[in-house]
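Working notes for the structure below.
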Amino acid sequence: MPVAARIFASRCWPTTRPTLEVVGGAGRGKAIIILNPVDPPILMRDTVFARVSEPDEASMVAAVETMVTRLQAYAPGYELLLCEVDGDLVTVMVRVRGAGDFLPRYAGNLDIMTAAAARVGDGIARRLQTTSAVA
């Protein structure tokens, strides 16, 4: 496994669990990272399992599909593979294919982080412009 992948994993993985709890509102979060050194590299995939009290399948599936559509606006390679509700267990599986413009197509994780950071930056810039126009 390349050194960069190990460094990335060692820095990102420990922050995922508290992010699930603090930002996502999970009562208890758990993150497991699986790095696959296969050659040729595979596309990034994520699976999220959640135990939900009082699940409403229709609204949860609609919320996931809405978020996927929003993400695809700035990360077109984001693809929903599965959204399933089985009692109180919700399973969501996604795959991210990179644009392939600067990085390989299998580097979808880097593409989506870069695209998300650019989107946040654009939002901050718009807010600052609006604030300075008012002042």
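As shown in the structure tokens, the chain order sets the letters A, B, ...; within each chain, residues go from 1, and ligands are also counted from 1 in the order they appear.
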Report as a PDB file with N, CA and C atoms, in the first residue's frame: the residues of chain A with a DSSP assignment of strand (DSSP E or B), based on the backbone of this structure.
```pdb
ATOM      1  N   MET A  44     -13.869   3.674  -5.240  1.00  0.00           N
ATOM      2  CA  MET A  44     -14.205   3.858  -3.832  1.00  0.00           C
ATOM      3  C   MET A  44     -15.651   3.434  -3.588  1.00  0.00           C
ATOM      4  N   ARG A  45     -15.869   2.671  -2.539  1.00  0.00           N
ATOM      5  CA  ARG A  45     -17.209   2.268  -2.114  1.00  0.00           C
ATOM      6  C   ARG A  45     -17.337   2.524  -0.620  1.00  0.00           C
ATOM      7  N   ASP A  46     -18.519   2.929  -0.217  1.00  0.00           N
ATOM      8  CA  ASP A  46     -18.817   3.107   1.201  1.00  0.00           C
ATOM      9  C   ASP A  46     -20.126   2.410   1.507  1.00  0.00           C
ATOM     10  N   THR A  47     -20.182   1.797   2.659  1.00  0.00           N
ATOM     11  CA  THR A  47     -21.418   1.195   3.151  1.00  0.00           C
ATOM     12  C   THR A  47     -21.687   1.774   4.530  1.00  0.00           C
ATOM     13  N   VAL A  48     -22.909   2.221   4.734  1.00  0.00           N
ATOM     14  CA  VAL A  48     -23.329   2.780   6.018  1.00  0.00           C
ATOM     15  C   VAL A  48     -24.482   1.930   6.539  1.00  0.00           C
ATOM     16  N   PHE A  49     -24.320   1.461   7.772  1.00  0.00           N
ATOM     17  CA  PHE A  49     -25.390   0.736   8.455  1.00  0.00           C
ATOM     18  C   PHE A  49     -25.858   1.622   9.594  1.00  0.00           C
ATOM     19  N   ALA A  50     -27.160   1.689   9.799  1.00  0.00           N
ATOM     20  CA  ALA A  50     -27.696   2.482  10.904  1.00  0.00           C
ATOM     21  C   ALA A  50     -28.873   1.748  11.535  1.00  0.00           C
ATOM     22  N   ARG A  51     -28.907   1.748  12.847  1.00  0.00           N
ATOM     23  CA  ARG A  51     -30.069   1.274  13.588  1.00  0.00           C
ATOM     24  C   ARG A  51     -30.907   2.517  13.896  1.00  0.00           C
ATOM     25  N   TYR A  78     -20.794  10.228  -8.026  1.00  0.00           N
ATOM     26  CA  TYR A  78     -21.388   9.671  -6.806  1.00  0.00           C
ATOM     27  C   TYR A  78     -22.620   8.876  -7.203  1.00  0.00           C
ATOM     28  N   GLU A  79     -22.661   7.608  -6.832  1.00  0.00           N
ATOM     29  CA  GLU A  79     -23.735   6.730  -7.298  1.00  0.00           C
ATOM     30  C   GLU A  79     -24.302   5.915  -6.136  1.00  0.00           C
ATOM     31  N   LEU A  80     -25.609   5.930  -5.993  1.00  0.00           N
ATOM     32  CA  LEU A  80     -26.290   5.133  -4.973  1.00  0.00           C
ATOM     33  C   LEU A  80     -26.445   3.713  -5.497  1.00  0.00           C
ATOM     34  N   LEU A  81     -25.907   2.747  -4.775  1.00  0.00           N
ATOM     35  CA  LEU A  81     -26.018   1.352  -5.170  1.00  0.00           C
ATOM     36  C   LEU A  81     -27.158   0.647  -4.451  1.00  0.00           C
ATOM     37  N   LEU A  82     -27.404   1.036  -3.195  1.00  0.00           N
ATOM     38  CA  LEU A  82     -28.429   0.359  -2.403  1.00  0.00           C
ATOM     39  C   LEU A  82     -28.904   1.282  -1.295  1.00  0.00           C
ATOM     40  N   CYS A  83     -30.203   1.317  -1.094  1.00  0.00           N
ATOM     41  CA  CYS A  83     -30.793   1.968   0.071  1.00  0.00           C
ATOM     42  C   CYS A  83     -31.922   1.054   0.508  1.00  0.00           C
ATOM     43  N   GLU A  84     -31.694   0.373   1.633  1.00  0.00           N
ATOM     44  CA  GLU A  84     -32.618  -0.676   2.063  1.00  0.00           C
ATOM     45  C   GLU A  84     -32.953  -0.488   3.533  1.00  0.00           C
ATOM     46  N   VAL A  85     -34.227  -0.657   3.850  1.00  0.00           N
ATOM     47  CA  VAL A  85     -34.679  -0.591   5.230  1.00  0.00           C
ATOM     48  C   VAL A  85     -35.267  -1.951   5.580  1.00  0.00           C
ATOM     49  N   ASP A  86     -34.703  -2.561   6.618  1.00  0.00           N
ATOM     50  CA  ASP A  86     -35.171  -3.869   7.075  1.00  0.00           C
ATOM     51  C   ASP A  86     -35.417  -3.762   8.567  1.00  0.00           C
ATOM     52  N   LEU A  89     -32.984  -1.607  10.782  1.00  0.00           N
ATOM     53  CA  LEU A  89     -31.666  -1.544  10.159  1.00  0.00           C
ATOM     54  C   LEU A  89     -31.750  -0.897   8.777  1.00  0.00           C
ATOM     55  N   VAL A  90     -30.994   0.177   8.593  1.00  0.00           N
ATOM     56  CA  VAL A  90     -30.932   0.872   7.307  1.00  0.00           C
ATOM     57  C   VAL A  90     -29.536   0.623   6.727  1.00  0.00           C
ATOM     58  N   THR A  91     -29.490   0.224   5.467  1.00  0.00           N
ATOM     59  CA  THR A  91     -28.222  -0.009   4.786  1.00  0.00           C
ATOM     60  C   THR A  91     -28.168   0.868   3.545  1.00  0.00           C
ATOM     61  N   VAL A  92     -27.100   1.650   3.438  1.00  0.00           N
ATOM     62  CA  VAL A  92     -26.885   2.503   2.267  1.00  0.00           C
ATOM     63  C   VAL A  92     -25.500   2.179   1.718  1.00  0.00           C
ATOM     64  N   MET A  93     -25.444   1.895   0.425  1.00  0.00           N
ATOM     65  CA  MET A  93     -24.168   1.625  -0.238  1.00  0.00           C
ATOM     66  C   MET A  93     -23.998   2.598  -1.397  1.00  0.00           C
ATOM     67  N   VAL A  94     -22.819   3.216  -1.472  1.00  0.00           N
ATOM     68  CA  VAL A  94     -22.523   4.157  -2.555  1.00  0.00           C
ATOM     69  C   VAL A  94     -21.173   3.823  -3.180  1.00  0.00           C
ATOM     70  N   ARG A  95     -20.999   4.298  -4.398  1.00  0.00           N
ATOM     71  CA  ARG A  95     -19.722   4.170  -5.103  1.00  0.00           C
ATOM     72  C   ARG A  95     -19.398   5.550  -5.652  1.00  0.00           C
ATOM     73  N   VAL A  96     -18.111   5.890  -5.626  1.00  0.00           N
ATOM     74  CA  VAL A  96     -17.692   7.196  -6.128  1.00  0.00           C
ATOM     75  C   VAL A  96     -16.636   6.987  -7.206  1.00  0.00           C
TER      76      VAL A  96
END
```
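Nearest-residue note for A:Leu71: choosing from A:Arg126, A:Arg17, A:Arg11, A:Arg119, the minimum distance belongs to A:Arg119, counting only C-alpha atoms.
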* Asked: What is the distance, in Å and to one decimal place, between atom CA of A:Glu65 and atom CA of A:Asp88?
  -> 18.7 Å
* Contacts of stretch 109-116 of chain A within 12 Å, only C-alpha atoms, excl. fewer than 5 positions in-chain, as number ranges by chain -> A: 5, 8-9, 12, 42-46, 70-79, 94-104, 121-123
Export of the given selection (N, CA and C atoms) as a tab-separated table (two decimals), in the first residue's frame:
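Saved to out_1.tsv:
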```
chain	number	residue	atom	x	y	z
A	5	ALA	N	-1.52	6.58	1.14
A	5	ALA	CA	-2.78	5.96	1.55
A	5	ALA	C	-2.76	5.64	3.04
A	8	PHE	N	-3.14	8.97	4.94
A	8	PHE	CA	-4.52	9.43	4.84
A	8	PHE	C	-5.41	8.64	5.78
A	9	ALA	N	-5.29	7.32	5.75
A	9	ALA	CA	-6.12	6.47	6.60
A	9	ALA	C	-5.87	6.75	8.08
A	12	CYS	N	-7.60	10.23	8.80
A	12	CYS	CA	-9.05	10.35	8.58
A	12	CYS	C	-9.87	9.41	9.45
A	42	ILE	N	-9.62	-0.46	-7.43
A	42	ILE	CA	-11.07	-0.46	-7.56
A	42	ILE	C	-11.63	0.91	-7.19
A	43	LEU	N	-12.86	1.16	-7.62
A	43	LEU	CA	-13.52	2.42	-7.27
A	43	LEU	C	-13.84	2.46	-5.77
A	44	MET	N	-13.87	3.67	-5.24
A	44	MET	CA	-14.21	3.86	-3.83
A	44	MET	C	-15.65	3.43	-3.59
A	45	ARG	N	-15.87	2.67	-2.54
A	45	ARG	CA	-17.21	2.27	-2.11
A	45	ARG	C	-17.34	2.52	-0.62
A	46	ASP	N	-18.52	2.93	-0.22
A	46	ASP	CA	-18.82	3.11	1.20
A	46	ASP	C	-20.13	2.41	1.51
A	70	ARG	N	-28.23	15.91	-4.61
A	70	ARG	CA	-27.48	17.12	-4.24
A	70	ARG	C	-25.98	16.90	-4.40
A	71	LEU	N	-25.49	15.75	-3.96
A	71	LEU	CA	-24.06	15.45	-4.09
A	71	LEU	C	-23.64	15.35	-5.55
A	72	GLN	N	-24.49	14.77	-6.38
A	72	GLN	CA	-24.15	14.60	-7.79
A	72	GLN	C	-24.02	15.94	-8.52
A	73	ALA	N	-24.58	17.00	-7.96
A	73	ALA	CA	-24.44	18.32	-8.57
A	73	ALA	C	-22.98	18.76	-8.61
A	74	TYR	N	-22.19	18.36	-7.62
A	74	TYR	CA	-20.78	18.74	-7.62
A	74	TYR	C	-19.84	17.53	-7.65
A	75	ALA	N	-20.37	16.33	-7.53
A	75	ALA	CA	-19.58	15.10	-7.65
A	75	ALA	C	-20.38	14.12	-8.50
A	76	PRO	N	-20.36	14.32	-9.84
A	76	PRO	CA	-21.22	13.52	-10.72
A	76	PRO	C	-20.96	12.01	-10.66
A	77	GLY	N	-19.80	11.60	-10.18
A	77	GLY	CA	-19.49	10.18	-10.09
A	77	GLY	C	-20.03	9.50	-8.85
A	78	TYR	N	-20.79	10.23	-8.03
A	78	TYR	CA	-21.39	9.67	-6.81
A	78	TYR	C	-22.62	8.88	-7.20
A	79	GLU	N	-22.66	7.61	-6.83
A	79	GLU	CA	-23.74	6.73	-7.30
A	79	GLU	C	-24.30	5.92	-6.14
A	94	VAL	N	-22.82	3.22	-1.47
A	94	VAL	CA	-22.52	4.16	-2.56
A	94	VAL	C	-21.17	3.82	-3.18
A	95	ARG	N	-21.00	4.30	-4.40
A	95	ARG	CA	-19.72	4.17	-5.10
A	95	ARG	C	-19.40	5.55	-5.65
A	96	VAL	N	-18.11	5.89	-5.63
A	96	VAL	CA	-17.69	7.20	-6.13
A	96	VAL	C	-16.64	6.99	-7.21
A	97	ARG	N	-16.96	7.44	-8.39
A	97	ARG	CA	-16.04	7.39	-9.53
A	97	ARG	C	-15.52	8.80	-9.75
A	98	GLY	N	-14.21	8.94	-9.77
A	98	GLY	CA	-13.61	10.26	-9.99
A	98	GLY	C	-13.82	10.74	-11.41
A	99	ALA	N	-13.66	12.03	-11.61
A	99	ALA	CA	-13.84	12.62	-12.94
A	99	ALA	C	-12.73	12.21	-13.89
A	100	GLY	N	-11.56	11.89	-13.36
A	100	GLY	CA	-10.45	11.47	-14.20
A	100	GLY	C	-9.73	12.61	-14.89
A	101	ASP	N	-10.01	13.85	-14.46
A	101	ASP	CA	-9.36	14.98	-15.11
A	101	ASP	C	-7.92	15.18	-14.61
A	102	PHE	N	-7.71	15.19	-13.30
A	102	PHE	CA	-6.37	15.35	-12.74
A	102	PHE	C	-5.88	14.09	-12.04
A	103	LEU	N	-6.81	13.35	-11.49
A	103	LEU	CA	-6.50	12.13	-10.75
A	103	LEU	C	-7.13	10.95	-11.47
A	104	PRO	N	-6.67	9.74	-11.19
A	104	PRO	CA	-7.29	8.56	-11.81
A	104	PRO	C	-8.76	8.44	-11.41
A	121	GLY	N	-16.16	26.49	0.12
A	121	GLY	CA	-15.47	27.76	-0.14
A	121	GLY	C	-16.33	28.73	-0.91
A	122	ASP	N	-17.05	28.23	-1.92
A	122	ASP	CA	-17.96	29.09	-2.69
A	122	ASP	C	-19.05	29.67	-1.79
A	123	GLY	N	-19.59	28.83	-0.90
A	123	GLY	CA	-20.63	29.30	0.01
A	123	GLY	C	-20.12	30.37	0.96
```
* **All alpha helix (DSSP H) residues (DSSP, backbone) inside chain A, as a VMD selection string** => chain A and resid 3 to 22 57 to 72 108 to 134
* Structure fact -> Counting only C-alpha atoms, closest pick from A:Val120, A:Val68, A:Thr16, A:Asp56 relative to A:Gly29 is A:Thr16
* Structure fact -> Taken to one decimal, the atom CA of A:Thr66-atom CA of A:Ser53 distance is 21.2 Å
* **Separation of atom CA of A:Ser10 from atom CA of A:Ala31 in Å** => 12.4 Å
